[in-house]
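File shown here: start09.csv, holding CSV, C-alpha atoms.
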chain,number,residue,atom,x,y,z
A,1,MET,CA,43.8,-27.5,19.0
A,2,SER,CA,46.3,-24.7,18.7
A,3,GLU,CA,46.0,-21.6,20.9
A,4,THR,CA,45.5,-19.5,17.7
A,5,THR,CA,42.5,-21.5,16.6
A,6,THR,CA,39.2,-20.2,17.8
A,7,GLY,CA,35.7,-21.7,17.8
A,8,ALA,CA,32.9,-20.7,15.5
A,9,SER,CA,30.7,-17.8,16.7
A,10,TYR,CA,27.5,-16.1,15.6
A,11,ALA,CA,29.5,-12.9,14.8
A,12,ALA,CA,31.9,-14.9,12.7
A,13,ALA,CA,28.9,-16.3,10.8
A,14,GLY,CA,27.9,-12.7,10.0
A,15,VAL,CA,25.2,-12.0,12.6
A,16,ASP,CA,25.8,-8.9,14.7
A,17,ILE,CA,23.6,-9.1,17.8
A,18,GLU,CA,24.9,-5.7,19.2
A,19,ALA,CA,23.9,-4.0,15.9
A,20,GLY,CA,20.5,-5.5,16.2
A,21,ASP,CA,20.1,-4.2,19.7
A,22,ARG,CA,21.1,-0.7,18.6
A,23,ALA,CA,18.6,-0.8,15.8
A,24,VAL,CA,15.9,-1.6,18.3
A,25,GLU,CA,16.9,1.4,20.5
A,26,LEU,CA,16.9,3.7,17.5
A,27,MET,CA,13.4,2.7,16.3
A,28,LYS,CA,11.7,3.0,19.7
A,29,GLU,CA,11.0,6.7,19.4
A,30,TRP,CA,9.3,6.2,16.1
A,31,VAL,CA,7.2,3.2,17.2
A,32,LYS,CA,6.1,5.3,20.2
A,33,LYS,CA,4.5,7.8,17.9
A,34,THR,CA,2.0,5.2,16.6
A,35,ARG,CA,0.7,4.3,20.1
A,36,ARG,CA,-3.0,3.9,20.6
A,37,PRO,CA,-4.8,3.8,24.0
A,38,GLU,CA,-5.4,0.1,23.6
A,39,VAL,CA,-1.7,-0.8,23.3
A,40,LEU,CA,0.0,-2.3,26.4
A,41,GLY,CA,3.7,-2.4,27.1
A,42,GLY,CA,6.5,-1.2,24.8
A,43,LEU,CA,8.8,-2.4,22.1
A,44,GLY,CA,11.1,-5.3,23.0
A,45,GLY,CA,8.7,-7.9,24.3
A,46,PHE,CA,8.1,-11.2,22.6
A,47,ALA,CA,4.6,-10.2,21.5
A,48,GLY,CA,2.7,-6.9,21.1
A,49,LEU,CA,-0.3,-6.5,23.3
A,50,PHE,CA,-3.6,-4.8,22.3
A,51,ASP,CA,-6.5,-4.5,24.8
A,52,ALA,CA,-9.3,-6.3,23.1
A,53,SER,CA,-11.8,-5.0,25.7
A,54,ALA,CA,-12.0,-1.9,23.5
A,55,LEU,CA,-14.1,-4.0,21.2
A,56,LYS,CA,-16.9,-4.3,23.7
A,57,ARG,CA,-18.5,-1.3,22.2
A,58,TYR,CA,-19.2,-3.4,19.1
A,59,GLU,CA,-22.4,-5.4,18.9
A,60,ARG,CA,-20.7,-8.1,16.8
A,61,PRO,CA,-17.1,-7.2,16.0
A,62,LEU,CA,-15.5,-8.9,13.0
A,63,LEU,CA,-11.7,-9.0,12.9
A,64,ALA,CA,-10.1,-8.5,9.5
A,65,SER,CA,-6.5,-9.4,8.8
A,66,ALA,CA,-4.2,-8.7,5.9
A,67,THR,CA,-0.5,-9.2,5.0
A,68,ASP,CA,1.7,-7.9,2.2
A,69,GLY,CA,5.0,-6.5,1.1
A,70,VAL,CA,6.2,-3.9,-1.4
A,71,GLY,CA,7.8,-6.2,-4.0
A,72,THR,CA,10.8,-5.1,-6.0
A,73,LYS,CA,10.4,-1.4,-5.1
A,74,VAL,CA,12.8,-2.2,-2.2
A,75,ASP,CA,15.6,-2.6,-4.8
A,76,LEU,CA,15.1,1.0,-5.9
A,77,ALA,CA,15.2,2.2,-2.3
A,78,ARG,CA,18.5,0.3,-1.8
A,79,LYS,CA,20.1,1.7,-4.9
A,80,MET,CA,19.1,5.2,-4.0
A,81,GLY,CA,20.1,4.8,-0.3
A,82,VAL,CA,16.6,6.1,0.7
A,83,TYR,CA,15.1,4.0,3.4
A,84,ASP,CA,12.5,6.2,5.2
A,85,THR,CA,9.7,6.1,2.6
A,86,ILE,CA,9.4,2.4,1.8
A,87,GLY,CA,7.5,1.9,5.1
A,88,HIS,CA,4.7,4.1,3.8
A,89,ASP,CA,4.3,1.7,0.9
A,90,LEU,CA,4.2,-1.3,3.3
A,91,VAL,CA,1.5,0.3,5.5
A,92,GLY,CA,-0.6,1.4,2.5
A,93,MET,CA,-0.5,-2.1,1.0
A,94,VAL,CA,-1.8,-3.7,4.3
A,95,VAL,CA,-4.2,-1.2,5.8
A,96,ASP,CA,-6.0,-0.3,2.6
A,97,ASP,CA,-6.7,-4.0,2.0
A,98,LEU,CA,-8.3,-4.0,5.5
A,99,VAL,CA,-10.4,-0.9,4.9
A,100,VAL,CA,-12.0,-2.4,1.7
A,101,CYS,CA,-14.4,-4.3,3.9
A,102,GLY,CA,-15.0,-1.3,6.1
A,103,ALA,CA,-12.6,-2.4,8.8
A,104,GLU,CA,-10.7,0.2,11.0
A,105,PRO,CA,-7.0,-0.8,11.1
A,106,LEU,CA,-6.1,-1.4,14.7
A,107,PHE,CA,-2.5,-2.5,14.7
A,108,MET,CA,0.4,-3.8,12.5
A,109,THR,CA,3.5,-5.8,12.9
A,110,ASP,CA,6.5,-5.7,10.5
A,111,TYR,CA,9.2,-8.1,9.3
A,112,ILE,CA,12.5,-6.7,8.0
A,113,CYS,CA,15.0,-9.1,6.6
A,114,VAL,CA,18.5,-7.8,5.9
A,115,GLY,CA,21.8,-9.2,4.8
A,116,LYS,CA,23.6,-7.1,7.4
A,117,VAL,CA,22.1,-5.0,10.2
A,118,HIS,CA,23.0,-1.3,9.7
A,119,PRO,CA,21.2,0.1,12.7
A,120,GLU,CA,20.5,3.6,11.3
A,121,ARG,CA,19.2,2.0,8.1
A,122,VAL,CA,16.9,-0.3,9.9
A,123,ALA,CA,15.7,2.5,12.1
A,124,ALA,CA,14.9,4.6,9.0
A,125,ILE,CA,12.8,1.8,7.5
A,126,VAL,CA,10.9,1.5,10.8
A,127,LYS,CA,10.5,5.3,10.9
A,128,GLY,CA,8.7,5.1,7.5
A,129,ILE,CA,6.5,2.3,8.8
A,130,ALA,CA,5.6,4.3,11.9
A,131,GLU,CA,4.8,7.4,9.9
A,132,GLY,CA,2.6,5.3,7.7
A,133,CYS,CA,0.8,3.9,10.7
A,134,VAL,CA,0.2,7.4,12.0
A,135,LEU,CA,-1.4,8.3,8.6
A,136,ALA,CA,-3.5,5.1,8.8
A,137,GLY,CA,-4.5,5.6,12.5
A,138,CYS,CA,-3.2,2.2,13.6
A,139,ALA,CA,-0.5,1.2,16.1
A,140,LEU,CA,2.8,-0.5,15.3
A,141,VAL,CA,2.9,-3.0,18.1
A,142,GLY,CA,6.0,-5.0,17.2
A,143,GLY,CA,8.0,-6.7,14.6
A,144,GLU,CA,11.1,-8.7,13.7
A,145,THR,CA,14.4,-7.7,12.2
A,146,ALA,CA,16.2,-10.8,10.8
A,147,GLU,CA,19.9,-10.8,9.6
A,148,HIS,CA,20.5,-13.4,6.9
A,149,PRO,CA,24.2,-13.3,5.9
A,150,GLY,CA,25.1,-15.5,3.0
A,151,LEU,CA,21.5,-15.4,1.7
A,152,LEU,CA,21.3,-11.7,1.1
A,153,GLY,CA,24.1,-9.2,0.2
A,154,GLU,CA,25.2,-6.7,2.9
A,155,ASP,CA,23.0,-4.0,1.5
A,156,ASP,CA,20.0,-6.1,0.5
A,157,PHE,CA,16.8,-6.1,2.4
A,158,ASP,CA,13.1,-6.9,2.2
A,159,VAL,CA,10.0,-5.8,4.2
A,160,ALA,CA,6.6,-7.4,4.9
A,161,GLY,CA,3.9,-6.6,7.3
A,162,ALA,CA,0.6,-7.9,8.7
A,163,GLY,CA,-2.3,-5.9,10.1
A,164,THR,CA,-5.5,-6.4,12.0
A,165,GLY,CA,-8.7,-4.4,11.9
A,166,VAL,CA,-12.3,-4.5,13.1
A,167,VAL,CA,-15.7,-3.8,11.6
A,168,GLU,CA,-19.2,-4.1,13.0
A,169,ALA,CA,-20.9,-7.0,11.3
A,170,ASP,CA,-23.8,-5.1,10.1
A,171,ARG,CA,-21.5,-2.5,8.5
A,172,LEU,CA,-19.4,-5.0,6.6
A,173,LEU,CA,-18.9,-3.7,3.0
A,174,GLY,CA,-18.8,-5.8,-0.1
A,175,ALA,CA,-20.4,-7.3,-3.2
A,176,ASP,CA,-23.7,-8.1,-1.5
A,177,ARG,CA,-24.5,-4.4,-1.0
A,178,ILE,CA,-23.9,-3.3,-4.6
A,179,ARG,CA,-26.9,-2.5,-6.7
A,180,THR,CA,-27.7,-1.6,-10.4
A,181,GLY,CA,-27.3,2.2,-10.8
A,182,ASP,CA,-24.6,2.6,-8.2
A,183,ALA,CA,-21.8,5.1,-9.0
A,184,VAL,CA,-18.2,4.1,-9.1
A,185,ILE,CA,-15.9,6.8,-7.6
A,186,ALA,CA,-12.2,6.8,-8.3
A,187,MET,CA,-9.6,8.2,-5.9
A,188,ALA,CA,-6.3,9.4,-7.5
A,189,SER,CA,-3.1,7.5,-6.8
A,190,SER,CA,0.1,9.2,-5.9
A,191,GLY,CA,1.9,7.4,-8.7
A,192,LEU,CA,2.8,3.8,-9.2
A,193,HIS,CA,2.3,2.9,-5.5
A,194,SER,CA,3.9,-0.5,-5.0
A,195,ASN,CA,2.9,-2.7,-7.8
A,196,GLY,CA,4.3,-3.5,-11.3
A,197,TYR,CA,7.9,-2.6,-10.4
A,198,SER,CA,9.2,-5.7,-12.1
A,199,LEU,CA,7.8,-4.3,-15.4
A,200,VAL,CA,8.8,-0.8,-14.6
A,201,ARG,CA,12.4,-1.7,-13.8
A,202,HIS,CA,12.6,-3.8,-16.9
A,203,VAL,CA,11.5,-0.9,-19.0
A,204,VAL,CA,13.5,1.9,-17.5
A,205,PHE,CA,16.8,0.0,-16.9
A,206,ASP,CA,16.9,-2.9,-19.4
A,207,ARG,CA,15.0,-1.3,-22.3
A,208,ALA,CA,15.6,2.4,-22.0
A,209,GLY,CA,19.0,2.2,-20.2
A,210,TRP,CA,18.2,5.0,-17.9
A,211,SER,CA,19.8,5.7,-14.5
A,212,LEU,CA,18.0,6.7,-11.3
A,213,ASP,CA,19.5,10.1,-11.3
A,214,ARG,CA,18.2,10.9,-14.8
A,215,GLU,CA,16.2,14.1,-14.9
A,216,VAL,CA,12.9,13.4,-16.6
A,217,ALA,CA,11.1,16.5,-17.8
A,218,GLU,CA,7.7,15.0,-17.6
A,219,PHE,CA,8.2,14.4,-13.9
A,220,GLY,CA,9.9,17.6,-13.0
A,221,ARG,CA,12.4,15.5,-10.9
A,222,THR,CA,14.7,12.6,-11.3
A,223,LEU,CA,13.5,9.1,-12.3
A,224,GLY,CA,14.5,7.7,-8.9
A,225,GLU,CA,12.5,10.4,-7.0
A,226,GLU,CA,9.4,9.6,-9.1
A,227,LEU,CA,9.7,5.8,-8.7
A,228,LEU,CA,10.1,6.1,-4.9
A,229,GLU,CA,7.1,8.3,-4.5
A,230,PRO,CA,5.3,6.7,-1.5
A,231,THR,CA,2.0,4.9,-1.8
A,232,LYS,CA,-1.0,7.0,-0.8
A,233,ILE,CA,-2.7,5.7,2.3
A,234,TYR,CA,-6.5,5.9,2.1
A,235,SER,CA,-7.7,4.2,5.2
A,236,LEU,CA,-8.8,7.2,7.2
A,237,ASP,CA,-10.4,8.8,4.1
A,238,CYS,CA,-12.4,5.6,3.4
A,239,LEU,CA,-13.5,5.3,7.0
A,240,ALA,CA,-14.6,8.9,7.0
A,241,LEU,CA,-16.5,8.3,3.8
A,242,ALA,CA,-18.3,5.3,5.2
A,243,ARG,CA,-19.3,7.3,8.4
A,244,THR,CA,-20.7,10.2,6.5
A,245,THR,CA,-22.1,8.7,3.3
A,246,GLU,CA,-23.7,5.4,2.3
A,247,VAL,CA,-20.9,3.2,0.8
A,248,HIS,CA,-21.5,-0.2,-0.7
A,249,ALA,CA,-18.0,-1.3,-1.4
A,250,PHE,CA,-14.4,-0.3,-1.8
A,251,SER,CA,-11.7,-1.7,-4.1
A,252,HIS,CA,-8.0,-1.3,-3.5
A,253,ILE,CA,-6.3,-1.0,-6.9
A,254,THR,CA,-3.1,-3.0,-6.6
A,255,GLY,CA,-1.4,-5.8,-8.6
A,256,GLY,CA,-3.6,-6.8,-11.5
A,257,GLY,CA,-4.8,-3.3,-12.3
A,258,LEU,CA,-8.0,-1.4,-12.0
A,259,ALA,CA,-10.5,-3.7,-13.8
A,260,ALA,CA,-9.3,-6.9,-12.2
A,261,ASN,CA,-9.4,-5.4,-8.7
A,262,LEU,CA,-12.8,-3.7,-9.1
A,263,ALA,CA,-14.2,-7.0,-10.5
A,264,ARG,CA,-13.4,-8.7,-7.1
A,265,VAL,CA,-16.3,-6.8,-5.4
A,266,ILE,CA,-18.8,-7.0,-8.2
A,267,PRO,CA,-21.6,-9.5,-7.5
A,268,ASP,CA,-22.9,-12.1,-10.0
A,269,GLY,CA,-25.3,-10.6,-12.5
A,270,LEU,CA,-23.9,-7.1,-12.4
A,271,HIS,CA,-21.1,-5.3,-14.2
A,272,ALA,CA,-19.0,-2.2,-13.6
A,273,THR,CA,-18.2,0.1,-16.5
A,274,VAL,CA,-15.4,2.6,-16.0
A,275,ASP,CA,-14.9,5.4,-18.4
A,276,ARG,CA,-11.2,6.2,-19.1
A,277,SER,CA,-12.2,9.7,-20.4
A,278,THR,CA,-13.0,10.8,-16.8
A,279,TRP,CA,-9.3,11.2,-15.9
A,280,THR,CA,-5.8,11.6,-17.2
A,281,PRO,CA,-3.2,9.1,-15.8
A,282,GLY,CA,-0.1,10.7,-14.3
A,283,ALA,CA,3.0,11.2,-16.5
A,284,VAL,CA,4.8,8.1,-15.1
A,285,PHE,CA,2.3,5.8,-16.8
A,286,ASP,CA,2.8,7.3,-20.2
A,287,VAL,CA,6.5,7.4,-19.8
A,288,VAL,CA,6.7,3.8,-18.9
A,289,GLY,CA,4.3,2.8,-21.7
A,290,THR,CA,6.3,4.8,-24.3
A,291,ALA,CA,9.8,3.9,-23.2
A,292,GLY,CA,8.9,0.2,-23.2
A,293,ARG,CA,6.4,0.2,-26.0
A,294,VAL,CA,4.0,-1.4,-23.6
A,295,GLU,CA,0.5,-1.9,-25.0
A,296,ARG,CA,-2.3,-0.2,-23.1
A,297,LEU,CA,-3.9,-3.4,-22.0
A,298,GLU,CA,-0.6,-4.7,-20.6
A,299,LEU,CA,-0.2,-1.4,-18.7
A,300,GLU,CA,-3.7,-1.6,-17.4
A,301,LYS,CA,-3.4,-5.1,-16.0
A,302,THR,CA,-0.1,-4.3,-14.3
A,303,LEU,CA,-0.3,-0.7,-13.1
A,304,ASN,CA,-3.0,1.4,-11.3
A,305,MET,CA,-3.1,4.0,-14.1
A,306,GLY,CA,-3.6,6.8,-11.7
A,307,VAL,CA,-6.4,5.3,-9.5
A,308,GLY,CA,-5.4,3.9,-6.1
A,309,MET,CA,-8.8,3.2,-4.5
A,310,MET,CA,-12.4,3.0,-5.8
A,311,ALA,CA,-15.7,3.4,-3.9
A,312,VAL,CA,-19.1,2.1,-5.0
A,313,VAL,CA,-21.9,4.2,-3.7
A,314,PRO,CA,-25.6,4.8,-4.5
A,315,ALA,CA,-25.9,7.3,-7.3
A,316,GLU,CA,-27.8,9.7,-5.0
A,317,SER,CA,-24.9,9.7,-2.6
A,318,ALA,CA,-22.2,10.4,-5.2
A,319,ASP,CA,-22.1,14.2,-4.8
A,320,ALA,CA,-21.9,13.9,-1.0
A,321,ALA,CA,-19.1,11.4,-1.3
A,322,LEU,CA,-17.1,13.6,-3.5
A,323,THR,CA,-17.6,16.5,-1.1
A,324,THR,CA,-16.4,14.5,1.8
A,325,LEU,CA,-13.3,13.3,-0.1
A,326,ALA,CA,-12.6,16.9,-1.4
A,327,ASP,CA,-12.8,18.2,2.2
A,328,ARG,CA,-10.1,15.7,3.1
A,329,GLY,CA,-7.9,16.6,0.2
A,330,VAL,CA,-8.5,13.5,-1.8
A,331,ASP,CA,-8.7,14.0,-5.6
A,332,ALA,CA,-11.8,12.0,-6.6
A,333,TRP,CA,-14.3,11.8,-9.4
A,334,ILE,CA,-17.2,9.7,-10.7
A,335,ALA,CA,-15.6,7.3,-13.1
A,336,GLY,CA,-18.3,4.8,-13.9
A,337,GLU,CA,-21.5,2.9,-12.9
A,338,ILE,CA,-22.9,-0.4,-12.1
A,339,THR,CA,-25.2,-2.0,-14.6
A,340,ASP,CA,-26.9,-5.3,-15.3
A,341,ARG,CA,-24.6,-7.9,-16.8
A,342,VAL,CA,-26.3,-7.8,-20.2
A,343,GLY,CA,-23.7,-8.2,-23.0
A,344,HIS,CA,-20.9,-8.7,-20.4
A,345,THR,CA,-19.5,-11.2,-18.1
A,346,THR,CA,-19.6,-10.4,-14.4
A,347,GLY,CA,-16.7,-8.1,-13.6
A,348,ALA,CA,-15.5,-4.7,-14.8
A,349,THR,CA,-14.7,-3.1,-18.1
A,350,LEU,CA,-12.7,0.0,-19.1
A,351,THR,CA,-14.2,2.0,-22.0
A,352,GLY,CA,-13.2,5.0,-24.0
A,353,ASP,CA,-9.8,6.8,-24.1
A,354,TYR,CA,-8.0,8.6,-21.4
A,355,ALA,CA,-8.5,12.4,-21.2
A,356,GLY,CA,-5.6,14.5,-22.4
Taking this structure as input, can you express it in the form of C-alpha cells?
Amino acid sequence: MSETTTGASYAAAGVDIEAGDRAVELMKEWVKKTRRPEVLGGLGGFAGLFDASALKRYERPLLASATDGVGTKVDLARKMGVYDTIGHDLVGMVVDDLVVCGAEPLFMTDYICVGKVHPERVAAIVKGIAEGCVLAGCALVGGETAEHPGLLGEDDFDVAGAGTGVVEADRLLGADRIRTGDAVIAMASSGLHSNGYSLVRHVVFDRAGWSLDREVAEFGRTLGEELLEPTKIYSLDCLALARTTEVHAFSHITGGGLAANLARVIPDGLHATVDRSTWTPGAVFDVVGTAGRVERLELEKTLNMGVGMMAVVPAESADAALTTLADRGVDAWIAGEITDRVGHTTGATLTGDYAG
C-alpha cells in the first residue's frame, strides 16, 4: 500500500460524529425546558429515565402509547429553510392521539434522520419539539439523530416520535361511554395540521404551478407560510375539559378526515351526525379544493376541513364544555349529535353545506 493511500473512515463515508456531538450540545437547552419533576438525569444517556413512583397516586394506572411522524410536510420545511416549527407538528400528532383516551402525556422521545448533520438545523428541529412538549405538558426525555449519507440528500430529513401517557382506569374515555343524545363538539384546527400534504403538494406545485413565496390574498401571507402553520396541540385543553366537565370521548381529526376519525369512537348501534353548516372551513381548504378541482368528498376524506379535535359530551354538559374551552382560548362549537343507527350504518355522517 502506498503512503498516499489511506484507509476507509466513518467521516469519509459521510458521517460526521463531531457535528452530531455539537448538535446534542445545542439542543440541550431546549430539552431542559420540557423537564418534569419525574424526569431523572439529563440528555446524553442511552435511555431517558422517568420516575414511575409518581403513578402511585393512581388506583389503577393505565399506560397509553402512541407514535407518529409529520409526513411530507417536512419537504416544505426543507424547501423554506424553516426548521423550528415542524416539531410542533410532531408533538401534536403524538400527544393528541394519547389524550383521546383521557391520558395525560408524560414524556416523548424523538427520532431525527438526516442526510447530513447540520448542528444548528438539528437543534432548531429539537427546539420546535421541545416547545411543543411544553405546550403539551410533557417531557422530552431523549431521542436519536441518525445520519444516513447515500440514502438521503444532504438537506433531506425526516422526524418521528413516540409518547407515553397515563390515565386512571375508571376515567378511560371511549366508545363505551357514548350515549344517544350526546352532543358532538368541534374544536377549530389551525389549518391543515400535518395530514394530506401529498395531495396539497400535488395540487399547489404540480397542478397550479405555484411557488412557496407566492403571496395568496386569501391567506394574507405567502403560500409557504400558510402551509407551514404548526399543528394546534389540544392535550392540555382536552385534559382540562375532562376535569371540569363530563366527557364521553374525544376524536383526533388526522389522516382520513373528520367522519372517518369520529367513526372510530362511535359504538355499534349508534351514529354521529355532523352538520357542516355549523362552521366555515379556513381559506386554505377552499384554495386547495379550487386550485386542484378536488371534489368535496375527496377533500373531506383527506383533510381536517377546519376541525382538529372533537369531543362527545352529554347534551346537558355542552354549554359548560364550550365555556371551558372558550376560557382557554379554544374556538369550539356544537357541530352535531349522537343518534340511534336507524337508516345509517354505525359511524359518522356529514350533512348540509358549509357556512359562508
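Atom CA of A:Gly336 sits 5.4 Å away from atom CA of A:Thr273.
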Next item on the list: Could you give me, as a PyMOL selection string, the residues within 12 Å of A:Pro314, counting all atoms listed in the file and dropping anything in the same chain fewer than 4 positions from it?
Entry: chain A and resi 177-185+245-249+318-321+334+336-338
Checklist line | Nearest candidate to A:Gly132 (options A:Gly196, A:Gly174, A:Gly48, A:Pro230; using only C-alpha atoms) | finding: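 Residue with the minimum atom-to-atom distance to A:Gly132: A:Pro230.
Between atom CA of A:Met93 and atom CA of A:Glu225 the separation is 19.7 Å.
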Margin query: Calculated over all atoms listed in the file, which of the candidates A:Thr164, A:Ser189, A:Thr346, A:Thr278 has the smallest distance to A:Cys138?
Written below: A:Thr164
Margin query: With distances taken over only C-alpha atoms, which residue among A:Glu229, A:Glu38, A:Asp275, A:Glu29 lies nearest A:Phe107?
Written below: A:Glu38
Next item on the list: In Å, rounded to a single decimal, give me how far atom CA of A:Val82 is from atom CA of A:Arg35.
Entry: 25.1 Å
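Restricting the calculation to only C-alpha atoms, the smallest distance between A:Ala124 and any of A:Val284, A:Leu223, A:Ile86, A:Leu151 is found for A:Ile86.
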Determine, counting all atoms listed in the file, which protein, DNA and RNA residues have an atom within 10 Å of an atom of stretch 95-99 of chain A; residues of the same chain fewer than 3 positions away are not included. Present the result as a short mmCIF file (atom, residue, chain, number, x, y, z; two decimals) with C-alpha atoms, keeping the file's coordinate frame.
data_model
loop_
_atom_site.label_atom_id
_atom_site.label_comp_id
_atom_site.auth_asym_id
_atom_site.auth_seq_id
_atom_site.Cartn_x
_atom_site.Cartn_y
_atom_site.Cartn_z
CA LEU A 63 -11.70 -9.00 12.90
CA ALA A 64 -10.10 -8.50 9.50
CA SER A 65 -6.50 -9.40 8.80
CA ALA A 66 -4.20 -8.70 5.90
CA THR A 67 -0.50 -9.20 5.00
CA ASP A 68 1.70 -7.90 2.20
CA LEU A 90 4.20 -1.30 3.30
CA VAL A 91 1.50 0.30 5.50
CA GLY A 92 -0.60 1.40 2.50
CA GLY A 102 -15.00 -1.30 6.10
CA ALA A 103 -12.60 -2.40 8.80
CA GLU A 104 -10.70 0.20 11.00
CA PRO A 105 -7.00 -0.80 11.10
CA LEU A 106 -6.10 -1.40 14.70
CA PHE A 107 -2.50 -2.50 14.70
CA MET A 108 0.40 -3.80 12.50
CA GLY A 132 2.60 5.30 7.70
CA CYS A 133 0.80 3.90 10.70
CA ALA A 136 -3.50 5.10 8.80
CA GLY A 137 -4.50 5.60 12.50
CA CYS A 138 -3.20 2.20 13.60
CA GLY A 161 3.90 -6.60 7.30
CA ALA A 162 0.60 -7.90 8.70
CA GLY A 163 -2.30 -5.90 10.10
CA THR A 164 -5.50 -6.40 12.00
CA GLY A 165 -8.70 -4.40 11.90
CA VAL A 166 -12.30 -4.50 13.10
CA VAL A 167 -15.70 -3.80 11.60
CA LEU A 173 -18.90 -3.70 3.00
CA LYS A 232 -1.00 7.00 -0.80
CA ILE A 233 -2.70 5.70 2.30
CA TYR A 234 -6.50 5.90 2.10
CA SER A 235 -7.70 4.20 5.20
CA LEU A 236 -8.80 7.20 7.20
CA ASP A 237 -10.40 8.80 4.10
CA CYS A 238 -12.40 5.60 3.40
CA LEU A 239 -13.50 5.30 7.00
CA ALA A 249 -18.00 -1.30 -1.40
CA PHE A 250 -14.40 -0.30 -1.80
CA SER A 251 -11.70 -1.70 -4.10
CA HIS A 252 -8.00 -1.30 -3.50
CA ILE A 253 -6.30 -1.00 -6.90
CA THR A 254 -3.10 -3.00 -6.60
CA GLY A 308 -5.40 3.90 -6.10
CA MET A 309 -8.80 3.20 -4.50
#
Considering all atoms listed in the file, give me a table of residues in stretch 107-207 of chain A that are at most 12 Å from stretch 287-301 of chain A, with the closest atom pair and distance in Å for each, as JSON lines.
{"residue": "A:Gly191", "atom": "CA", "partner": "A:Val288", "partner_atom": "CA", "distance": 11.8}
{"residue": "A:Leu192", "atom": "CA", "partner": "A:Val288", "partner_atom": "CA", "distance": 10.5}
{"residue": "A:Asn195", "atom": "CA", "partner": "A:Lys301", "partner_atom": "CA", "distance": 10.6}
{"residue": "A:Gly196", "atom": "CA", "partner": "A:Leu299", "partner_atom": "CA", "distance": 8.9}
{"residue": "A:Tyr197", "atom": "CA", "partner": "A:Val288", "partner_atom": "CA", "distance": 10.7}
{"residue": "A:Ser198", "atom": "CA", "partner": "A:Val288", "partner_atom": "CA", "distance": 11.9}
{"residue": "A:Leu199", "atom": "CA", "partner": "A:Val288", "partner_atom": "CA", "distance": 8.9}
{"residue": "A:Val200", "atom": "CA", "partner": "A:Val288", "partner_atom": "CA", "distance": 6.6}
{"residue": "A:Arg201", "atom": "CA", "partner": "A:Val288", "partner_atom": "CA", "distance": 9.4}
{"residue": "A:His202", "atom": "CA", "partner": "A:Gly292", "partner_atom": "CA", "distance": 8.3}
{"residue": "A:Val203", "atom": "CA", "partner": "A:Gly292", "partner_atom": "CA", "distance": 5.1}
{"residue": "A:Val204", "atom": "CA", "partner": "A:Ala291", "partner_atom": "CA", "distance": 7.1}
{"residue": "A:Phe205", "atom": "CA", "partner": "A:Gly292", "partner_atom": "CA", "distance": 10.1}
{"residue": "A:Asp206", "atom": "CA", "partner": "A:Gly292", "partner_atom": "CA", "distance": 9.4}
{"residue": "A:Arg207", "atom": "CA", "partner": "A:Gly292", "partner_atom": "CA", "distance": 6.3}
Checklist line | Proximity to A:Lys116 - best of A:Leu152, A:Val94, A:Asp89, A:Ala139, all atoms listed in the file | finding: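 Closest to A:Lys116, using all atoms listed in the file: A:Leu152.
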Notebook entry, point to check: Hey, which of A:Glu59, A:Asp155, A:Asp110, A:Asp84 ends up closest to A:Glu131? Count all atoms listed in the file.
Noted result: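 Among A:Glu59, A:Asp155, A:Asp110, A:Asp84, it is A:Asp84 that comes nearest to A:Glu131.
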Item checked: Nearby residues (only C-alpha atoms) at most 9 Å from A:Gly282, same-chain spacing under 3 positions excluded, as a ChimeraX atom specification -> /A:189-191,285-286,305-306
Next item on the list: List the neighbours of A:Ala263 out to 10 Å using only C-alpha atoms; skip same-chain residues closer than 2 positions along the sequence, and give me the result as a list in words.
Entry: Ala175, Ser251, Leu258, Ala259, Ala260, Asn261, Val265, Ile266, Pro267, Leu270, His271, Ala272, Thr346, Gly347, Ala348 and Thr349 of chain A
Residue contacts of A:Gly128 (6 Å, all atoms listed in the file) excluding same-chain residues fewer than 4 positions away, as a PDB file with C-alpha atoms, keeping the file's coordinate frame:
ATOM      1  CA  ASP A  84      12.500   6.200   5.200  1.00  0.00           C
ATOM      2  CA  THR A  85       9.700   6.100   2.600  1.00  0.00           C
ATOM      3  CA  GLY A  87       7.500   1.900   5.100  1.00  0.00           C
ATOM      4  CA  HIS A  88       4.700   4.100   3.800  1.00  0.00           C
TER       5      HIS A  88
END
My structure is short of atoms at stretch 174-182 of chain A; please model N, CA and C atoms there, returning them as a short mmCIF file (atom, residue, chain, number, x, y, z; two decimals), in the coordinates of the input.
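Produced file rebuild02.cif, reproduced below:
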data_model
loop_
_atom_site.label_atom_id
_atom_site.label_comp_id
_atom_site.auth_asym_id
_atom_site.auth_seq_id
_atom_site.Cartn_x
_atom_site.Cartn_y
_atom_site.Cartn_z
N GLY A 174 -19.13 -4.82 0.89
CA GLY A 174 -18.80 -5.80 -0.10
C GLY A 174 -19.78 -6.01 -1.16
N ALA A 175 -19.59 -7.05 -1.96
CA ALA A 175 -20.40 -7.30 -3.20
C ALA A 175 -21.87 -7.37 -2.92
N ASP A 176 -22.26 -7.92 -1.77
CA ASP A 176 -23.70 -8.10 -1.50
C ASP A 176 -24.47 -6.84 -1.36
N ARG A 177 -23.79 -5.71 -1.19
CA ARG A 177 -24.50 -4.40 -1.00
C ARG A 177 -24.66 -3.69 -2.37
N ILE A 178 -23.89 -4.07 -3.38
CA ILE A 178 -23.90 -3.30 -4.60
C ILE A 178 -25.18 -3.57 -5.41
N ARG A 179 -25.69 -2.47 -6.01
CA ARG A 179 -26.90 -2.50 -6.70
C ARG A 179 -26.77 -1.86 -8.13
N THR A 180 -27.65 -2.24 -9.05
CA THR A 180 -27.70 -1.60 -10.40
C THR A 180 -27.90 -0.09 -10.19
N GLY A 181 -27.15 0.71 -10.93
CA GLY A 181 -27.30 2.20 -10.80
C GLY A 181 -26.30 2.81 -9.90
N ASP A 182 -25.60 2.02 -9.09
CA ASP A 182 -24.60 2.60 -8.20
C ASP A 182 -23.51 3.33 -9.01
#
